[in-house]
Each structure stands twice: as C-alpha cells, then as structure tokens.
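Q: Got a structure for you, written out below as structure tokens; questions coming shortly.
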Amino acid sequence: MSSFLHPAVSGQEPSTAGQYRPISSHLAITPPVSVVIPAMNEAENLPYVFKTLPAWIHEVVLVDGNSTDNTVEVARELWPDVRVVKQTGKGKGDALITGFAACTGDIIVMVDADGSADGNEIVSYVSALVSGADFAKGSRFANGGGTDDMTPIRKLGNWALCTAVNRKFGARYTDLCYGYNAFWRHCLDKIDLDCTGFEVETLMNIRVVKAGLKVQEIPSHEYLRIHGASNLRAVRDGLRVLKVILKERSNRRSLRRRSHHAVALGSTRGEVS
C-alpha cells in the first residue's frame, strides 16, 4: 500500500476516489488510520474529544476500562462505527496494548480521553509518517507546542527525565511524558510493549530509539482536562518512569555485554580452527 499523500482531485468518479481518504480539498491519504482512545468514566469529556477527530480516519477504537458511567453509550452516539474493546486488566499501558491489538489500520494514533488533545493535529502526525518517519512523537516543548496543564514541578520533572533518556539512549527528545503519539503498526513488533501503567509512554519512547526507528517530533498543544480529576500523581508516576529508564538502561548494558562476549567467543573459535 502506498504511503504518500496524493492530490485530492475534485470531480473524481466514486470508484477512483474511494481509493483515497480526503484530508482536505488538496490532499488525500491511502494508509488507513486507527485512533485508540483509552477511557474510564470519561462520558462528559468524549464530546470534546470526538468533535475534533477528522472524518477521514479509518476507525476509532475505544478501550473501556470498566467505566461506571455511560462512556460507551456516549461514544457510540458520537461515533456510530466506534469499535469498543473491554479492558480486562488495569492501567493505561494495559489499555493501550489492548487497543493496539484491536486496530486494523496501518497507522495508529494514541489520543487521551480527557479532552486535552486536539484531534485536528492528527494530520500533522500522519503527514510525518507518510513522509518517512516510523514514529511521530508529540511534544509540548517543541517550537509551536505548548501546555495549559503542567505545574512548574511537573515541568521540572519531565525535563529531568527527558534529559536522562537523551543522555543514556542517544535520543533528542524535547518532551518525554506525553501520550499523544502516532506510529506505523509494524513498529509494535520492534518495541514489544510489556508494562501496564502510565510509564508505557516513556517505555515506547525509549524502545523506538533502541530499535533504531526514525522519530519525528510533532509540536502539540496540551489543554486542560475538561471534566473530572486526573489520576496522574507527579511523584509516584515520576518514580515509575525513572524505574523504567533505569531498567531499560540495565537491559541495554546486559545486551551489549552479551554481544561483546559472543564476538570474543567467535574470534577465539576462529583462532582454534
């Protein structure tokens, strides 16, 4: 399947135009795009989330974390073709992994259900992917990005953790703990997600670098949660993110030692023969 943006030619016959999904009057896209939205008791926020989603996306996958309100009913009313997947485990990481497995599109976009993300930005993420990136990473601190929802303490913590990842893994990120990202579905085979909590976003960012995938940051603006209270706890979740960084760094060193040992062993065997 082609992975390029094509001119959207007006007046095309339906059989020809059906090969592409119009993004605007000038552009159309061929790869189907799936949007994954993990949600638990977000019925009040979903109208704000869905109203910004582009009409040209292939599917919306809502992962319901056992909501006790009418989250599912509201989602189906707003987007009749929404695919609802029940989450059997707990945590944001578990919800995203469940949603990713249910996607049928070639491109997957992660969007939070609290109304903090603007779905109109999806075109920027998709454009980066069809132009050659493997992973389009949202950044609130790239030129053109911004946030209405970070305290000075959280900004400092995000900066410190981001700096640690950049230094230890050779990344060049300007933002680390942000959940608005997009990627080609085949990337999942290379990053092998295996954590269930909020720190899944950091794990993804680290593993795409370790896998040698091409990353492009996308300036993004984070808005305030519209209704309800966030489950984010700066100190608790910051420590969990730090734990992931240290674990991935340790795994990288272990893999490097095994590689060096294998090379050395191969050289020794060559000399004996």
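Labeling convention for the structure tokens: chains A, B, ... as they appear, residues from 1 per chain, ligands from 1 in order of appearance.
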For stretch 83-95 of chain A, please output as a list in words all residues within 6 Å (counting only C-alpha atoms; exclusion window: fewer than 4 positions along the same chain).
A: Pro38, Val61, Leu62, Val63, Asp64, Gly65, Cys195, Thr196, Gly197, Phe198 and Val200 of chain A
Q: Could the residues in this selection be saved with C-alpha atoms as a JSON list (two decimals), in the first residue's frame?
A:
[["chain", "number", "residue", "atom", "x", "y", "z"],
["A", 38, "PRO", "CA", -8.34, 4.56, 26.41],
["A", 61, "VAL", "CA", -11.03, 2.09, 18.91],
["A", 62, "LEU", "CA", -12.33, 2.97, 22.38],
["A", 63, "VAL", "CA", -10.81, 0.87, 25.16],
["A", 64, "ASP", "CA", -13.26, 0.94, 28.05],
["A", 65, "GLY", "CA", -11.62, 0.49, 31.45],
["A", 195, "CYS", "CA", 4.19, -2.57, 31.01],
["A", 196, "THR", "CA", 0.72, -1.74, 32.25],
["A", 197, "GLY", "CA", 0.96, 1.72, 33.81],
["A", 198, "PHE", "CA", 1.31, 5.36, 32.87],
["A", 200, "VAL", "CA", 4.18, 2.99, 28.99]]
Q: Go through stretch 8-191 of chain A and collect every residue that DSSP, computed from the backbone, puts in alpha helix (DSSP H); the answer should be as a PyMOL selection string.
A: chain A and resi 14-17+46-50+71-78+92-102+122-130+152-169+188-191
Q: Record the distance separating atom CA of A:Asp194 and atom CA of A:Pro32, expressed in Å with one decimal.
A: 25.6 Å
Q: Neighbours of A:Phe135 within 10 Å (only C-alpha atoms; same-chain residues fewer than 5 positions away dropped), as a compact mmCIF listing (two decimals) with C-alpha atoms, in the first residue's frame?
A:
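Here's the written file result21.txt:
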# COMPACT_ATOMS: atom_id res chain seq x y z
CA ILE A 107 -1.20 3.84 11.19
CA ILE A 108 -2.11 4.02 14.88
CA TYR A 125 1.30 13.23 12.81
CA VAL A 126 0.11 11.28 9.78
CA ALA A 128 5.20 12.92 9.27
CA LEU A 129 4.66 9.18 8.99
CA ASN A 181 1.79 9.87 19.53
CA ALA A 182 1.37 8.04 16.22
CA PHE A 183 3.24 5.23 14.50
CA TRP A 184 3.10 2.57 11.81
CA ARG A 185 1.52 -0.59 13.19
CA CYS A 187 6.58 -0.80 14.82
CA MET A 204 7.69 3.45 23.95
CA ASN A 205 9.92 6.49 23.54
CA VAL A 208 11.78 3.19 19.43
CA VAL A 209 15.24 4.72 19.86
CA LEU A 213 13.33 3.67 14.31
CA LYS A 214 13.10 7.09 12.69
CA VAL A 215 11.40 9.51 15.10
CA GLN A 216 9.97 12.92 14.26
CA GLU A 217 8.65 15.23 16.96
Q: Quick one: residues within 8 Å of stretch 71-82 of chain A, only C-alpha atoms, excluding same-chain residues fewer than 2 positions away - as a list in words?
A: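 Residues meeting the cut-off are Ala39, Met40, Asn41, Glu42, Ala43, Glu44, Leu46, Pro47, Phe50, Glu59, Val60, Val61, Leu62, Asp64, Ser67, Thr68, Asp69 and Val84 of chain A.
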Q: Which distance in Å separates atom CA of A:Lys51 and atom CA of A:Val123, to one decimal?
A: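 Those two atoms sit 14.9 Å apart.
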Q: Figure out the distance between atom CA of A:His221 and atom CA of A:Ala117, please, to one decimal in Å.
A: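 Calculated distance between atom CA of A:Ala117 and atom CA of A:His221 is 7.1 Å.
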Q: So, with only C-alpha atoms as the atoms that count, which of A:Val35, A:Ile218, A:Phe100, A:Ile23 lies closest to A:Ala133?
A: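 Looking at the shortest contact to A:Ala133, the residue is A:Ile218.
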